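Shown next: target_8.pdb, given as PDB, C-alpha atoms.
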ATOM      1  CA  ASP A 169     132.519 113.904 156.965  1.00  0.00           C
ATOM      2  CA  GLU A 170     134.041 117.278 157.862  1.00  0.00           C
ATOM      3  CA  ASN A 171     133.975 118.251 154.163  1.00  0.00           C
ATOM      4  CA  GLY A 172     130.229 117.700 153.854  1.00  0.00           C
ATOM      5  CA  ARG A 173     130.499 114.488 151.837  1.00  0.00           C
ATOM      6  CA  LEU A 174     127.729 111.974 152.372  1.00  0.00           C
ATOM      7  CA  ILE A 175     127.154 108.610 150.694  1.00  0.00           C
ATOM      8  CA  THR A 176     123.575 108.597 149.423  1.00  0.00           C
ATOM      9  CA  LYS A 177     123.695 105.817 146.840  1.00  0.00           C
ATOM     10  CA  VAL A 178     125.704 102.634 146.276  1.00  0.00           C
ATOM     11  CA  TYR A 179     126.151 100.905 142.913  1.00  0.00           C
ATOM     12  CA  TYR A 180     126.901  97.176 142.957  1.00  0.00           C
ATOM     13  CA  LEU A 181     128.834  96.317 139.790  1.00  0.00           C
ATOM     14  CA  THR A 182     129.687  92.909 138.391  1.00  0.00           C
ATOM     15  CA  ASN A 183     133.254  91.613 138.505  1.00  0.00           C
ATOM     16  CA  THR A 184     133.790  90.662 134.867  1.00  0.00           C
ATOM     17  CA  ASP A 185     136.973  88.768 135.782  1.00  0.00           C
ATOM     18  CA  GLU A 186     135.002  86.301 137.917  1.00  0.00           C
ATOM     19  CA  ALA A 187     138.172  85.815 139.948  1.00  0.00           C
ATOM     20  CA  GLU A 188     138.987  86.148 143.631  1.00  0.00           C
ATOM     21  CA  ASP A 189     142.354  87.763 142.979  1.00  0.00           C
ATOM     22  CA  HIS A 190     141.370  90.407 140.422  1.00  0.00           C
ATOM     23  CA  PHE A 191     138.465  92.800 140.007  1.00  0.00           C
ATOM     24  CA  THR A 192     137.329  94.594 136.866  1.00  0.00           C
ATOM     25  CA  MET A 193     134.060  96.508 136.840  1.00  0.00           C
ATOM     26  CA  ASP A 194     131.654  95.726 134.020  1.00  0.00           C
ATOM     27  CA  PRO A 195     132.139  98.688 131.630  1.00  0.00           C
ATOM     28  CA  LYS A 196     128.437  98.914 130.721  1.00  0.00           C
ATOM     29  CA  GLU A 197     127.419  98.929 134.386  1.00  0.00           C
ATOM     30  CA  GLN A 198     130.127 101.468 135.176  1.00  0.00           C
ATOM     31  CA  LEU A 199     128.889 103.786 132.406  1.00  0.00           C
ATOM     32  CA  ALA A 200     125.271 103.381 133.544  1.00  0.00           C
ATOM     33  CA  ALA A 201     126.279 104.258 137.115  1.00  0.00           C
ATOM     34  CA  ARG A 202     128.158 107.360 135.932  1.00  0.00           C
ATOM     35  CA  LYS A 203     125.177 108.460 133.832  1.00  0.00           C
ATOM     36  CA  ASP A 204     122.846 107.949 136.799  1.00  0.00           C
ATOM     37  CA  MET A 205     125.162 109.964 139.054  1.00  0.00           C
ATOM     38  CA  ARG A 206     125.285 112.789 136.531  1.00  0.00           C
ATOM     39  CA  ALA A 207     121.492 112.759 136.064  1.00  0.00           C
ATOM     40  CA  ASN A 208     120.970 112.962 139.830  1.00  0.00           C
ATOM     41  CA  GLY A 209     123.653 115.520 140.634  1.00  0.00           C
ATOM     42  CA  LEU A 210     125.839 112.993 142.454  1.00  0.00           C
ATOM     43  CA  LYS A 211     129.629 112.810 142.488  1.00  0.00           C
ATOM     44  CA  PRO A 212     131.626 109.591 142.876  1.00  0.00           C
ATOM     45  CA  LEU A 213     133.233 109.349 146.293  1.00  0.00           C
ATOM     46  CA  GLY A 214     135.102 106.087 145.844  1.00  0.00           C
ATOM     47  CA  ASN A 215     134.878 102.386 145.181  1.00  0.00           C
ATOM     48  CA  TRP A 216     135.747  99.282 147.088  1.00  0.00           C
ATOM     49  CA  HIS A 217     136.010  95.532 146.737  1.00  0.00           C
ATOM     50  CA  SER A 218     137.180  92.690 148.918  1.00  0.00           C
ATOM     51  CA  GLN A 219     140.645  91.164 148.724  1.00  0.00           C
ATOM     52  CA  PRO A 220     140.140  87.770 150.360  1.00  0.00           C
ATOM     53  CA  SER A 221     143.543  86.341 149.426  1.00  0.00           C
ATOM     54  CA  SER A 222     145.764  89.382 149.978  1.00  0.00           C
ATOM     55  CA  PRO A 223     146.473  91.986 152.668  1.00  0.00           C
ATOM     56  CA  SER A 224     143.765  94.525 153.520  1.00  0.00           C
ATOM     57  CA  ARG A 225     145.345  97.431 151.721  1.00  0.00           C
ATOM     58  CA  PRO A 226     145.154  98.789 148.167  1.00  0.00           C
ATOM     59  CA  SER A 227     147.216  96.826 145.671  1.00  0.00           C
ATOM     60  CA  ASP A 228     149.496  98.577 143.171  1.00  0.00           C
ATOM     61  CA  GLU A 229     146.799  98.028 140.544  1.00  0.00           C
ATOM     62  CA  ASP A 230     144.096  99.455 142.844  1.00  0.00           C
ATOM     63  CA  ILE A 231     146.156 102.625 143.215  1.00  0.00           C
ATOM     64  CA  LYS A 232     146.857 102.822 139.472  1.00  0.00           C
ATOM     65  CA  LEU A 233     143.152 102.468 138.599  1.00  0.00           C
ATOM     66  CA  ALA A 234     141.750 104.537 141.484  1.00  0.00           C
ATOM     67  CA  TYR A 235     140.560 107.369 139.248  1.00  0.00           C
ATOM     68  CA  ASP A 236     139.543 105.274 136.232  1.00  0.00           C
TER      69      ASP A 236
END
Whole structure, structure tokens version:
Amino acid sequence: DENGRLITKVYYLTNTDEAEDHFTMDPKEQLAARKDMRANGLKPLGNWHSQPSSPSRPSDEDIKLAYD
């Protein structure tokens, strides 16, 4: 983008809720991803997940947990 940010790696994490209406990243996978980013000089740019049964916009919980 105009700020020089570029996605170079994607981490696919397990939904530990196993539900279509709620998403929680596996804590061990999340920690491993953070460690890998740190080891490779990467910074998190964001995360995403599908919301098949709700509108295509961040939920209140998505916003609350955006920087978790």
**Study point:** Distance criterion (all atoms listed in the file): nearest to Leu233 (chain A) out of A:Met193, A:Pro212, A:Glu188, A:Met205
**Key:**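 The shortest atom-to-atom distance to Leu233 (chain A) comes from A:Met193.
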I want to know what sits within 12 Å of Ile175 (chain A), based on all atoms listed in the file, with residues of the same chain fewer than 3 positions away left out; could you give that as number ranges by chain? A: 169, 172, 178-179, 205, 210-215
Task: Spatial neighbours of Thr184 (chain A), max dist 7 Å, all atoms listed in the file, sep filter under 2 positions, as a PyMOL selection string - done: chain A and resi 182+186+192-194
Across A:Arg225, A:Leu181, A:Lys232, A:Ala187, the smallest distance to Arg202 (chain A), with only C-alpha atoms counted, is shown by A:Leu181
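Distance-wise, CA of Arg206 (chain A) and CA of Asn171 (chain A) end up 20.4 Å apart.
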Problem set entry | Which of A:Gly209, A:Ile231, A:Lys203, A:Gln198 sits closest to Asn183 (chain A) [using all atoms listed in the file] |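 Answer, going by the shortest atom-to-atom distance: A:Gln198.
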> So what do you get for CA of Glu197 (chain A) versus CA of Leu174 (chain A), distance-wise?
Replying inline: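 We find that CA of Glu197 (chain A) and CA of Leu174 (chain A) lie 22.2 Å from each other.
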Self-check item: Distance in Å - CA of Arg173 (chain A) versus CA of His190 (chain A)
Solution: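 Taking CA of Arg173 (chain A) as the start and CA of His190 (chain A) as the end point, the length is 28.8 Å.
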